[in-house]
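Undergrad: Following this line is data_30.txt, made up of compact mmCIF, C-alpha atoms:
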```
# COMPACT_ATOMS: atom_id res chain seq x y z
CA MET A 717 -51.81 9.90 114.24
CA ALA A 718 -48.59 11.33 115.65
CA VAL A 719 -48.92 14.04 118.25
CA SER A 720 -46.43 16.62 119.41
CA LYS A 721 -45.25 16.58 122.99
CA ALA A 722 -46.16 19.55 125.09
CA GLY A 723 -42.91 19.97 127.00
CA PRO A 724 -43.87 23.17 128.86
CA VAL A 725 -41.26 25.79 129.27
CA ASP A 726 -39.63 26.11 132.67
CA ASP A 727 -40.27 29.83 133.04
CA ALA A 728 -41.77 32.80 131.32
CA SER A 729 -38.70 33.35 129.13
CA GLY A 730 -37.87 29.72 128.25
CA PRO A 731 -38.05 28.01 124.85
CA VAL A 732 -41.36 27.60 123.05
CA PRO A 733 -42.71 24.01 123.35
CA ALA A 734 -43.62 22.08 120.20
CA ALA A 735 -47.30 21.82 121.17
CA PHE A 736 -47.51 25.58 121.53
CA ARG A 737 -45.98 26.03 118.07
CA HIS A 738 -48.70 23.79 116.63
CA PHE A 739 -51.26 25.86 118.55
CA LEU A 740 -49.88 29.04 116.99
CA LEU A 741 -49.98 27.55 113.48
CA ALA A 742 -53.59 26.45 113.97
CA ARG A 743 -54.67 29.85 115.22
CA MET A 744 -52.79 31.63 112.46
CA GLY A 745 -54.22 29.40 109.71
CA SER A 746 -57.80 29.80 110.93
CA SER A 747 -57.47 33.54 111.43
CA PHE A 748 -55.77 33.95 108.04
CA ALA A 749 -58.64 32.13 106.35
CA TYR A 750 -61.34 34.01 108.24
CA GLN A 751 -59.83 37.37 107.30
CA ILE A 752 -59.74 36.36 103.64
CA VAL A 753 -63.42 35.45 103.81
CA SER A 754 -64.34 38.65 105.66
CA VAL A 755 -62.66 40.96 103.16
CA ALA A 756 -63.91 39.13 100.07
CA LEU A 757 -67.43 38.77 101.45
CA GLY A 758 -67.69 42.42 102.48
CA TRP A 759 -66.60 43.65 99.06
CA GLN A 760 -68.77 41.09 97.26
CA ILE A 761 -71.97 41.95 99.15
CA TYR A 762 -71.42 45.71 98.89
CA ALA A 763 -70.76 45.32 95.16
CA LEU A 764 -74.00 43.36 94.79
CA THR A 765 -76.24 45.67 96.84
CA GLY A 766 -74.47 49.04 97.28
CA ASN A 767 -76.17 49.40 100.68
CA PRO A 768 -74.11 50.19 103.83
CA LEU A 769 -76.75 48.45 105.95
CA ASP A 770 -75.87 45.14 104.30
CA LEU A 771 -72.33 45.44 105.63
CA GLY A 772 -73.79 45.83 109.10
CA LEU A 773 -75.95 42.76 108.53
CA ILE A 774 -72.78 40.70 107.99
CA GLY A 775 -71.75 41.61 111.53
CA LEU A 776 -75.21 40.73 112.81
CA ALA A 777 -75.10 37.34 111.03
CA GLN A 778 -71.76 36.66 112.72
CA PHE A 779 -72.98 37.83 116.13
CA LEU A 780 -76.33 36.05 116.54
CA PRO A 781 -74.97 32.45 116.52
CA MET A 782 -72.43 33.43 119.15
CA VAL A 783 -75.13 34.81 121.44
CA ALA A 784 -77.37 31.79 120.95
CA LEU A 785 -74.60 29.23 121.59
CA THR A 786 -72.38 30.87 124.24
CA LEU A 787 -73.70 29.00 127.29
CA PHE A 788 -73.51 25.62 125.51
CA VAL A 789 -70.05 26.37 124.12
CA GLY A 790 -68.67 26.90 127.62
CA GLN A 791 -70.14 23.63 128.84
CA ALA A 792 -68.66 21.75 125.88
CA ALA A 793 -65.21 23.28 126.38
CA ASP A 794 -65.18 22.28 130.07
CA ARG A 795 -66.56 18.75 129.55
CA TYR A 796 -64.94 17.44 126.34
CA ASP A 797 -61.59 17.36 124.57
CA ARG A 798 -60.95 20.96 123.58
CA ARG A 799 -58.55 19.90 120.85
CA VAL A 800 -61.22 17.79 119.13
CA ILE A 801 -63.78 20.61 119.35
CA VAL A 802 -61.40 23.08 117.67
CA ALA A 803 -60.40 20.62 114.93
CA PHE A 804 -64.04 19.83 114.11
CA CYS A 805 -64.92 23.54 113.95
CA MET A 806 -62.06 24.32 111.57
CA ALA A 807 -63.13 21.46 109.31
CA LEU A 808 -66.69 22.83 109.23
CA GLU A 809 -65.36 26.31 108.39
CA ALA A 810 -63.42 24.79 105.50
CA ILE A 811 -66.65 23.28 104.18
CA CYS A 812 -68.36 26.68 104.48
CA ALA A 813 -65.54 28.33 102.53
CA VAL A 814 -65.97 25.71 99.79
CA GLY A 815 -69.68 26.58 99.74
CA LEU A 816 -68.86 30.26 99.26
CA ALA A 817 -66.46 29.33 96.45
CA VAL A 818 -69.06 27.23 94.63
CA SER A 819 -71.70 29.92 95.04
CA SER A 820 -69.38 32.55 93.59
CA LEU A 821 -67.95 30.46 90.75
CA GLU A 822 -71.39 29.24 89.68
CA ASP A 823 -73.06 32.61 90.38
CA ALA A 824 -75.75 30.77 92.36
CA GLY A 825 -77.77 31.55 95.46
CA GLY A 826 -77.16 35.29 95.57
CA VAL A 827 -76.92 37.35 98.76
CA PRO A 828 -79.32 35.19 100.86
CA LEU A 829 -77.12 32.12 100.38
CA LEU A 830 -74.03 34.12 101.30
CA TYR A 831 -75.67 35.21 104.56
CA GLY A 832 -76.76 31.63 105.27
CA ILE A 833 -73.20 30.33 104.90
CA VAL A 834 -71.91 33.16 107.11
CA ILE A 835 -74.34 32.11 109.85
CA LEU A 836 -73.16 28.47 109.67
CA MET A 837 -69.49 29.51 109.68
CA SER A 838 -70.16 31.82 112.64
CA ALA A 839 -71.76 28.95 114.56
CA ALA A 840 -68.53 26.97 114.11
CA ARG A 841 -66.46 29.94 115.22
CA ALA A 842 -68.72 30.34 118.26
CA PHE A 843 -67.31 27.02 119.48
CA GLU A 844 -63.77 27.51 118.18
CA ALA A 845 -63.08 31.02 119.46
CA PRO A 846 -63.41 30.36 123.23
CA THR A 847 -62.14 26.77 123.13
CA LEU A 848 -58.84 27.54 121.39
CA PRO A 849 -57.52 30.00 124.03
CA ALA A 850 -58.79 27.67 126.78
CA LEU A 851 -56.12 25.21 125.58
CA LEU A 852 -53.33 27.67 126.38
CA PRO A 853 -52.88 26.96 130.14
CA ALA A 854 -52.40 23.27 129.29
CA LEU A 855 -49.51 24.07 126.94
CA VAL A 856 -47.44 26.54 128.99
CA PRO A 857 -46.95 27.10 132.75
CA ARG A 858 -48.93 29.90 134.37
CA PRO A 859 -45.96 32.33 134.71
CA ALA A 860 -45.48 32.11 130.94
CA ILE A 861 -49.11 32.89 130.06
CA PRO A 862 -48.64 36.67 129.48
CA ARG A 863 -45.72 36.00 127.13
CA ALA A 864 -47.61 33.18 125.40
CA THR A 865 -50.65 35.43 125.05
CA ALA A 866 -48.52 38.12 123.39
CA MET A 867 -47.03 35.53 121.04
CA SER A 868 -50.48 34.18 120.22
CA THR A 869 -51.69 37.71 119.55
CA SER A 870 -48.69 38.26 117.26
CA ALA A 871 -49.49 35.12 115.27
CA ASN A 872 -53.14 36.09 115.04
CA LYS A 873 -52.32 39.61 113.90
CA ALA A 874 -49.76 38.37 111.39
CA ALA A 875 -52.59 36.39 109.84
CA GLN A 876 -54.74 39.49 109.90
CA ILE A 877 -52.06 41.32 107.92
CA LEU A 878 -51.72 38.66 105.23
CA GLY A 879 -55.38 37.69 105.13
CA PRO A 880 -56.87 41.07 104.18
CA ALA A 881 -54.09 41.70 101.67
CA LEU A 882 -54.68 38.37 99.95
CA GLY A 883 -58.45 38.77 100.23
CA GLY A 884 -58.42 42.25 98.72
CA VAL A 885 -55.86 41.65 95.98
CA GLY A 886 -57.04 38.10 95.25
CA TYR A 887 -60.63 39.26 94.86
CA GLY A 888 -59.57 40.83 91.59
CA LEU A 889 -58.86 37.31 90.31
CA GLY A 890 -62.31 36.13 91.34
CA ALA A 891 -64.08 35.67 94.66
CA GLY A 892 -64.44 31.93 94.14
CA TRP A 893 -60.70 31.27 94.03
CA VAL A 894 -60.11 33.42 97.10
CA TYR A 895 -62.61 31.33 99.03
CA CYS A 896 -60.82 28.17 97.85
CA ALA A 897 -57.59 29.51 99.36
CA ALA A 898 -59.44 30.17 102.62
CA ALA A 899 -60.75 26.59 102.67
CA LEU A 900 -57.21 25.25 102.29
CA LEU A 901 -55.97 27.39 105.19
CA PHE A 902 -58.81 26.22 107.44
CA MET A 903 -57.71 22.64 106.74
CA VAL A 904 -54.09 23.52 107.61
CA GLY A 905 -55.33 24.82 110.96
CA CYS A 906 -57.41 21.69 111.49
CA ALA A 907 -54.46 19.39 110.81
CA SER A 908 -52.17 21.42 113.06
CA ILE A 909 -54.45 21.45 116.10
CA ALA A 910 -55.12 17.73 115.66
CA THR A 911 -51.40 17.04 116.29
CA VAL A 912 -51.35 18.83 119.67
CA ALA A 913 -51.19 16.60 122.75
CA VAL A 914 -52.97 18.21 125.70
CA PRO A 915 -51.47 16.84 128.94
CA ARG A 916 -54.07 18.33 131.30
CA GLN A 917 -57.79 17.89 130.71
CA PRO A 918 -60.56 19.68 132.64
CA ALA A 919 -60.43 18.45 136.24
CA ARG A 920 -64.11 17.60 136.69
CA ARG A 921 -67.35 17.13 134.79
CA GLU A 922 -70.19 18.38 136.95
CA PRO A 923 -73.80 17.67 135.90
CA VAL A 924 -75.29 20.12 133.40
CA THR A 925 -77.66 22.34 135.36
CA LEU A 926 -79.01 25.85 134.97
CA ALA A 927 -76.48 27.00 137.55
CA SER A 928 -73.57 25.41 135.69
CA LEU A 929 -74.70 26.97 132.41
CA PHE A 930 -74.54 30.45 133.94
CA ALA A 931 -71.45 29.75 136.07
CA GLY A 932 -69.11 31.61 133.74
CA ILE A 933 -71.25 34.75 133.80
CA ARG A 934 -71.57 34.58 137.60
CA PHE A 935 -67.82 34.06 137.98
CA ILE A 936 -67.01 37.19 135.96
CA PHE A 937 -69.54 39.36 137.79
CA GLN A 938 -68.03 38.29 141.12
CA ARG A 939 -64.57 39.53 140.06
CA ARG A 940 -64.60 43.23 139.30
CA ILE A 941 -61.16 43.16 137.66
CA LEU A 942 -62.48 40.75 135.02
CA LEU A 943 -65.84 42.50 134.73
CA GLY A 944 -64.22 45.90 134.31
CA THR A 945 -61.70 44.71 131.71
CA LEU A 946 -64.18 42.76 129.59
CA SER A 947 -66.97 45.36 129.70
CA LEU A 948 -64.53 48.17 128.94
CA ASP A 949 -63.28 46.38 125.86
CA LEU A 950 -66.85 45.54 124.86
CA PHE A 951 -68.16 49.10 124.86
CA CYS A 952 -65.03 50.73 123.47
CA VAL A 953 -64.77 48.45 120.45
CA LEU A 954 -68.57 48.41 120.08
CA LEU A 955 -68.54 52.17 119.59
CA GLY A 956 -65.28 52.24 117.67
CA GLY A 957 -66.14 49.56 115.09
CA ALA A 958 -65.18 51.65 112.08
CA THR A 959 -63.59 48.67 110.32
CA ALA A 960 -67.05 47.59 109.15
CA LEU A 961 -67.12 50.74 107.01
CA LEU A 962 -63.81 50.04 105.25
CA PRO A 963 -65.42 48.92 101.95
CA ILE A 964 -67.25 52.28 101.83
CA TYR A 965 -64.10 54.24 102.68
CA ALA A 966 -62.04 52.36 100.08
CA LYS A 967 -64.59 52.76 97.30
CA ASP A 968 -66.50 55.99 97.94
CA ILE A 969 -64.28 58.19 100.15
CA LEU A 970 -60.73 57.23 99.17
CA HIS A 971 -61.83 56.40 95.58
CA ALA A 972 -59.74 53.22 95.30
CA GLY A 973 -60.32 49.54 94.58
CA PRO A 974 -60.15 46.19 96.40
CA TRP A 975 -56.38 46.59 96.82
CA ALA A 976 -56.99 49.62 99.05
CA LEU A 977 -59.54 47.67 101.08
CA GLY A 978 -56.95 44.96 101.64
CA LEU A 979 -54.40 47.53 102.85
CA LEU A 980 -56.92 49.22 105.13
CA ARG A 981 -57.98 45.88 106.64
CA ALA A 982 -54.33 44.90 107.15
CA ALA A 983 -53.28 48.20 108.76
CA PRO A 984 -54.74 47.56 112.26
CA ALA A 985 -53.11 44.14 112.28
CA CYS A 986 -49.74 45.66 111.31
CA GLY A 987 -49.90 48.02 114.26
CA ALA A 988 -51.08 45.23 116.55
CA ILE A 989 -48.36 42.78 115.60
CA LEU A 990 -45.62 45.36 116.12
CA MET A 991 -46.99 46.11 119.59
CA SER A 992 -47.41 42.41 120.34
CA LEU A 993 -43.80 41.72 119.39
CA VAL A 994 -42.73 44.45 121.79
CA LEU A 995 -44.88 42.93 124.53
CA THR A 996 -43.44 39.48 123.79
CA ARG A 997 -39.96 40.74 124.69
CA HIS A 998 -40.98 43.32 127.28
CA SER A 999 -43.99 42.29 129.34
CA LEU A 1000 -46.33 44.94 130.66
CA ARG A 1001 -45.10 46.19 134.03
CA GLY A 1002 -45.90 49.02 136.39
CA PRO A 1003 -49.30 50.70 136.30
CA ILE A 1004 -51.09 48.15 134.08
CA GLY A 1005 -54.47 49.79 134.58
CA LEU A 1006 -53.31 53.27 133.55
CA GLN A 1007 -51.54 51.83 130.51
CA LEU A 1008 -54.76 50.09 129.52
CA PHE A 1009 -56.82 53.28 129.75
CA ALA A 1010 -54.17 55.29 127.90
CA ALA A 1011 -54.25 52.74 125.09
CA LEU A 1012 -58.03 53.05 124.80
CA PHE A 1013 -57.85 56.85 124.67
CA VAL A 1014 -55.37 56.49 121.79
CA PHE A 1015 -57.72 53.94 120.17
CA GLY A 1016 -60.58 56.44 120.21
CA LEU A 1017 -58.46 59.30 118.92
CA ALA A 1018 -57.08 57.18 116.08
CA THR A 1019 -60.65 56.24 115.12
CA VAL A 1020 -61.58 59.93 114.88
CA VAL A 1021 -58.54 60.67 112.69
CA PHE A 1022 -59.38 57.76 110.40
CA GLY A 1023 -62.99 58.89 110.14
CA LEU A 1024 -61.96 62.35 108.96
CA SER A 1025 -59.15 61.27 106.64
CA THR A 1026 -59.46 61.43 102.86
CA TRP A 1027 -55.79 60.54 102.23
CA ILE A 1028 -54.89 56.84 101.98
CA PRO A 1029 -51.49 57.06 103.81
CA LEU A 1030 -53.08 58.91 106.77
CA SER A 1031 -55.95 56.43 106.85
CA ILE A 1032 -53.54 53.50 106.92
CA PHE A 1033 -51.39 55.13 109.62
CA SER A 1034 -54.34 55.92 111.88
CA LEU A 1035 -55.63 52.35 111.56
CA ALA A 1036 -52.16 51.02 112.43
CA VAL A 1037 -52.10 53.18 115.58
CA LEU A 1038 -55.61 51.95 116.39
CA GLY A 1039 -54.43 48.35 116.08
CA ALA A 1040 -51.38 48.91 118.29
CA ALA A 1041 -53.55 50.42 121.02
CA ASP A 1042 -56.07 47.59 120.77
CA SER A 1043 -53.26 45.03 121.08
CA ILE A 1044 -52.47 46.24 124.61
CA SER A 1045 -56.09 45.70 125.60
CA MET A 1046 -56.06 42.23 124.03
CA VAL A 1047 -52.93 41.13 125.91
CA VAL A 1048 -54.26 42.44 129.24
CA ARG A 1049 -57.62 40.73 128.74
CA GLY A 1050 -56.10 37.55 127.32
CA SER A 1051 -53.74 37.24 130.31
CA LEU A 1052 -56.18 38.15 133.08
CA VAL A 1053 -58.78 35.55 132.09
CA PRO A 1054 -56.60 32.38 132.38
CA LEU A 1055 -54.57 33.74 135.30
CA HIS A 1056 -57.68 34.51 137.37
CA THR A 1057 -59.76 31.47 136.39
CA PRO A 1058 -59.45 27.81 137.54
CA ASP A 1059 -59.09 25.30 134.70
CA GLU A 1060 -62.43 23.60 135.37
CA MET A 1061 -64.15 26.96 134.78
CA LEU A 1062 -61.95 28.23 131.97
CA GLY A 1063 -64.15 27.01 129.10
CA ARG A 1064 -67.26 28.77 130.41
CA VAL A 1065 -65.41 31.95 131.31
CA SER A 1066 -63.66 31.95 127.91
CA ALA A 1067 -67.06 31.53 126.23
CA VAL A 1068 -68.39 34.62 128.02
CA ASN A 1069 -65.17 36.47 127.16
CA THR A 1070 -65.64 35.51 123.51
CA LEU A 1071 -69.23 36.73 123.67
CA PHE A 1072 -67.93 40.09 124.91
CA ILE A 1073 -65.39 40.15 122.07
CA GLY A 1074 -68.01 39.11 119.53
CA THR A 1075 -70.43 41.71 120.82
CA SER A 1076 -67.81 44.42 120.49
CA ASN A 1077 -66.67 43.30 117.03
CA GLN A 1078 -69.67 41.89 115.18
CA LEU A 1079 -72.37 43.92 116.91
CA GLY A 1080 -70.08 46.95 116.63
CA GLU A 1081 -69.97 46.39 112.88
CA PHE A 1082 -73.77 46.22 112.81
CA GLU A 1083 -73.97 49.44 114.85
CA SER A 1084 -71.55 51.17 112.50
CA GLY A 1085 -73.49 50.00 109.44
CA VAL A 1086 -76.80 51.23 110.85
CA THR A 1087 -75.31 54.56 111.97
CA ALA A 1088 -73.68 55.06 108.57
CA ALA A 1089 -76.98 54.35 106.83
CA LEU A 1090 -78.79 56.88 109.04
CA MET A 1091 -76.17 59.62 109.50
CA GLY A 1092 -73.50 59.07 106.88
CA THR A 1093 -70.21 57.19 106.91
CA VAL A 1094 -67.89 59.91 108.26
CA PRO A 1095 -70.15 60.99 111.16
CA ALA A 1096 -70.59 57.35 112.16
CA ALA A 1097 -66.83 56.75 112.39
CA VAL A 1098 -66.07 60.03 114.19
CA LEU A 1099 -68.86 59.67 116.76
CA GLY A 1100 -67.73 56.10 117.42
CA GLY A 1101 -64.21 57.27 118.25
CA ILE A 1102 -65.52 60.01 120.54
CA GLY A 1103 -67.77 57.47 122.25
CA THR A 1104 -64.76 55.23 122.92
CA ILE A 1105 -62.95 58.06 124.68
CA VAL A 1106 -66.02 58.86 126.79
CA VAL A 1107 -66.46 55.22 127.85
CA ALA A 1108 -62.80 54.91 128.85
CA GLY A 1109 -63.16 58.02 131.02
CA LEU A 1110 -66.30 56.68 132.70
CA TRP A 1111 -64.74 53.28 133.42
CA MET A 1112 -61.76 54.94 135.13
CA GLY A 1113 -64.20 56.23 137.74
CA TRP A 1114 -66.54 53.23 137.90
CA PHE A 1115 -63.78 50.59 138.21
CA PRO A 1116 -61.03 52.03 140.45
CA GLU A 1117 -59.69 48.48 140.96
CA LEU A 1118 -58.91 48.33 137.25
CA ARG A 1119 -57.41 51.81 137.18
CA LYS A 1120 -55.09 50.89 140.08
CA LEU A 1121 -54.08 47.50 138.65
CA ARG A 1122 -50.31 47.09 138.75
CA SER A 1123 -49.78 43.41 137.84
CA LEU A 1124 -51.39 40.83 135.56
CA HIS A 1125 -50.85 38.07 138.13
```
Would you write the structure of this file as structure tokens?

TA:
Amino acid sequence: MAVSKAGPVDDASGPVPAAFRHFLLARMGSSFAYQIVSVALGWQIYALTGNPLDLGLIGLAQFLPMVALTLFVGQAADRYDRRVIVAFCMALEAICAVGLAVSSLEDAGGVPLLYGIVILMSAARAFEAPTLPALLPALVPRPAIPRATAMSTSANKAAQILGPALGGVGYGLGAGWVYCAAALLFMVGCASIATVAVPRQPARREPVTLASLFAGIRFIFQRRILLGTLSLDLFCVLLGGATALLPIYAKDILHAGPWALGLLRAAPACGAILMSLVLTRHSLRGPIGLQLFAALFVFGLATVVFGLSTWIPLSIFSLAVLGAADSISMVVRGSLVPLHTPDEMLGRVSAVNTLFIGTSNQLGEFESGVTAALMGTVPAAVLGGIGTIVVAGLWMGWFPELRKLRSLH
């Protein structure tokens, strides 16, 4: 098998190495496929059951494998070839997508089988999600990590624009064929990451002990900058997880079809990719901490506007603003973790970081589904946005180191 040469750039503004381009293609293909599955599966399950709680259960099914496997994922990423781990996970996700396609085309298994496949796919992503970004420091020099992180975020968000659109529009042609497209994209990602040559492997392989399993958690709690950033993102997105309610908004509040769901799911990614492209050319400078908190205040306000909107253009615009604000948080978090973590610890720290992200996304979707079932869809979205603003205000006082942060390095 031919592999691409890494050829790291000389500085933060140099040319993009071939290995990093393959990394971007792999991340984009996997994210594209996962977004297709998420949109199609959400619409399919809600169409079958009509229960908002079932949408929340999708988030729970995605979250539980991540919690159960996090400590083992970090150990694997620090002890074995990260490239092989990612390639194997993408291949397993492709198989899961084929299973969803067969289930839908043959009308077999029903909702329980769909949840079972989601759990298996989520177990694969539990290994893929922290291991893929842990490859980044081996592909670019440390000064280029913020720029590379912004580029990676742009590629990921570009996939999140195309994925929901194809998932929503393609669902009208049949869920089975949409899942087939997702399986093909997972295989593209698998083939791309398999061609990446990683010049630097983890420096050491210490024995697996209870202390080493929890080393990533201990490392983060010893560094308040990392703890403040990750916990802030966790609670803000946990409370502001209104995207889980998009099938309800598209169908029952905006009175539209799957095409509207695709547009709504793509809107945050559109805002995020525009902001990421800006950050690729103009890195964050000056009062980083204050910019981060300002972005989260905007995130909460945009969530409130979306929750109250009954007009599709305003809903799309507010979600785009939400995505742009979230992109700033993603670049800050994605840069701080590799820049403040030694390579031999990066897998375990990335696994904990992914757990924080998964908690905020998947568990946030579960929280939104439960709240919507108990209080109604609009109150759930609005209260989530208000909660995000409150949390950002509290963290400004509890983590002054984060508020005063002026540089990512």

Undergrad: Do a neighbour search on Ser1084 in chain A at 9 Å with all atoms listed in the file, toss out local chain neighbours closer than 3 positions, and write the hits as a count of residues only.

TA: 21

Undergrad: Would you mind listing, for every residue of range 782-860 of chain A within 12 Å of range 1107-1124 of chain A, the two atoms forming the shortest contact and the distance between them in Å to one decimal, using all atoms listed in the file, sorted by chain and ascending residue number, as a tab-separated table?

TA:
```
residue	atom	partner	partner_atom	distance
A:Arg858	CA	A:Leu1124	CA	11.3
A:Pro859	CA	A:Leu1124	CA	10.1
A:Ala860	CA	A:Leu1124	CA	11.5
```

Undergrad: Would you put the residues from that selection into a file with C-alpha atoms, as a compact mmCIF listing (two decimals), in the coordinates of the input?

TA:
```
# COMPACT_ATOMS: atom_id res chain seq x y z
CA ARG A 858 -48.93 29.90 134.37
CA PRO A 859 -45.96 32.33 134.71
CA ALA A 860 -45.48 32.11 130.94
```

Undergrad: Restricting the calculation to only C-alpha atoms: of A:Gly1002, A:Pro984, A:Pro862, A:Gly1101, which residue gets closest to Ala875 in chain A?

TA: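 Going through A:Gly1002, A:Pro984, A:Pro862, A:Gly1101 one by one, the smallest distance to Ala875 in chain A is for A:Pro984.
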
Undergrad: What is the distance, in Å and to one decimal place, between CA of Met903 in chain A and CA of Gly987 in chain A?

TA: 27.6 Å

Undergrad: Using all atoms listed in the file, which residues sit within 7 Å of Val802 in chain A once same-chain residues fewer than 3 positions away are excluded, as a list in words?

TA: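 Selected residues are Arg798, Arg799, Cys805, Met806, Glu844, Thr847 and Leu848 of chain A.
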
Undergrad: Could you jot down the CA of Leu773 in chain A to CA of Pro880 in chain A separation for me, Å, one decimal place?

TA: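 Taking CA of Leu773 in chain A as the start and CA of Pro880 in chain A as the end point, the length is 19.6 Å.
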
Undergrad: Between A:His998, A:Lys873, A:Arg737, A:Arg841, which residue has the minimum interatomic distance to Gln778 in chain A, considering all atoms listed in the file?

TA: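 Ranking A:His998, A:Lys873, A:Arg737, A:Arg841 by distance to Gln778 in chain A, first place goes to A:Arg841.
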
Undergrad: Would you tabulate, counting all atoms listed in the file, all residues of range 771-851 of chain A that have an atom at most 7 Å from an atom of range 1061-1073 of chain A, showing the closest pair of atoms and their distance in Å to one decimal, sorted by chain then ascending number, as JSON lines?

TA:
```
{"residue": "A:Met782", "atom": "CA", "partner": "A:Leu1071", "partner_atom": "CA", "distance": 6.4}
{"residue": "A:Val783", "atom": "CA", "partner": "A:Leu1071", "partner_atom": "CA", "distance": 6.6}
{"residue": "A:Thr786", "atom": "CA", "partner": "A:Ala1067", "partner_atom": "CA", "distance": 5.7}
{"residue": "A:Val789", "atom": "CA", "partner": "A:Ala1067", "partner_atom": "CA", "distance": 6.3}
{"residue": "A:Gly790", "atom": "CA", "partner": "A:Arg1064", "partner_atom": "CA", "distance": 3.6}
{"residue": "A:Gln791", "atom": "CA", "partner": "A:Arg1064", "partner_atom": "CA", "distance": 6.1}
{"residue": "A:Ala793", "atom": "CA", "partner": "A:Gly1063", "partner_atom": "CA", "distance": 4.7}
{"residue": "A:Asp794", "atom": "CA", "partner": "A:Gly1063", "partner_atom": "CA", "distance": 4.9}
{"residue": "A:Ala845", "atom": "CA", "partner": "A:Thr1070", "partner_atom": "CA", "distance": 6.6}
{"residue": "A:Pro846", "atom": "CA", "partner": "A:Ala1067", "partner_atom": "CA", "distance": 4.9}
{"residue": "A:Thr847", "atom": "CA", "partner": "A:Gly1063", "partner_atom": "CA", "distance": 6.3}
{"residue": "A:Ala850", "atom": "CA", "partner": "A:Gly1063", "partner_atom": "CA", "distance": 5.9}
```

Undergrad: Rounded to one decimal place, report the CA of Leu830 in chain A-CA of Thr869 in chain A distance in Å.

TA: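 Separation of CA of Leu830 in chain A and CA of Thr869 in chain A: 29.1 Å.
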
Undergrad: Please identify all polymer residues within 7 Å of Pro963 in chain A, counting all atoms listed in the file, omitting same-chain residues fewer than 2 positions from it, and present them as a list in words.

TA: Gly758, Trp759, Leu961, Tyr965, Ala966, Lys967 and Leu977 of chain A
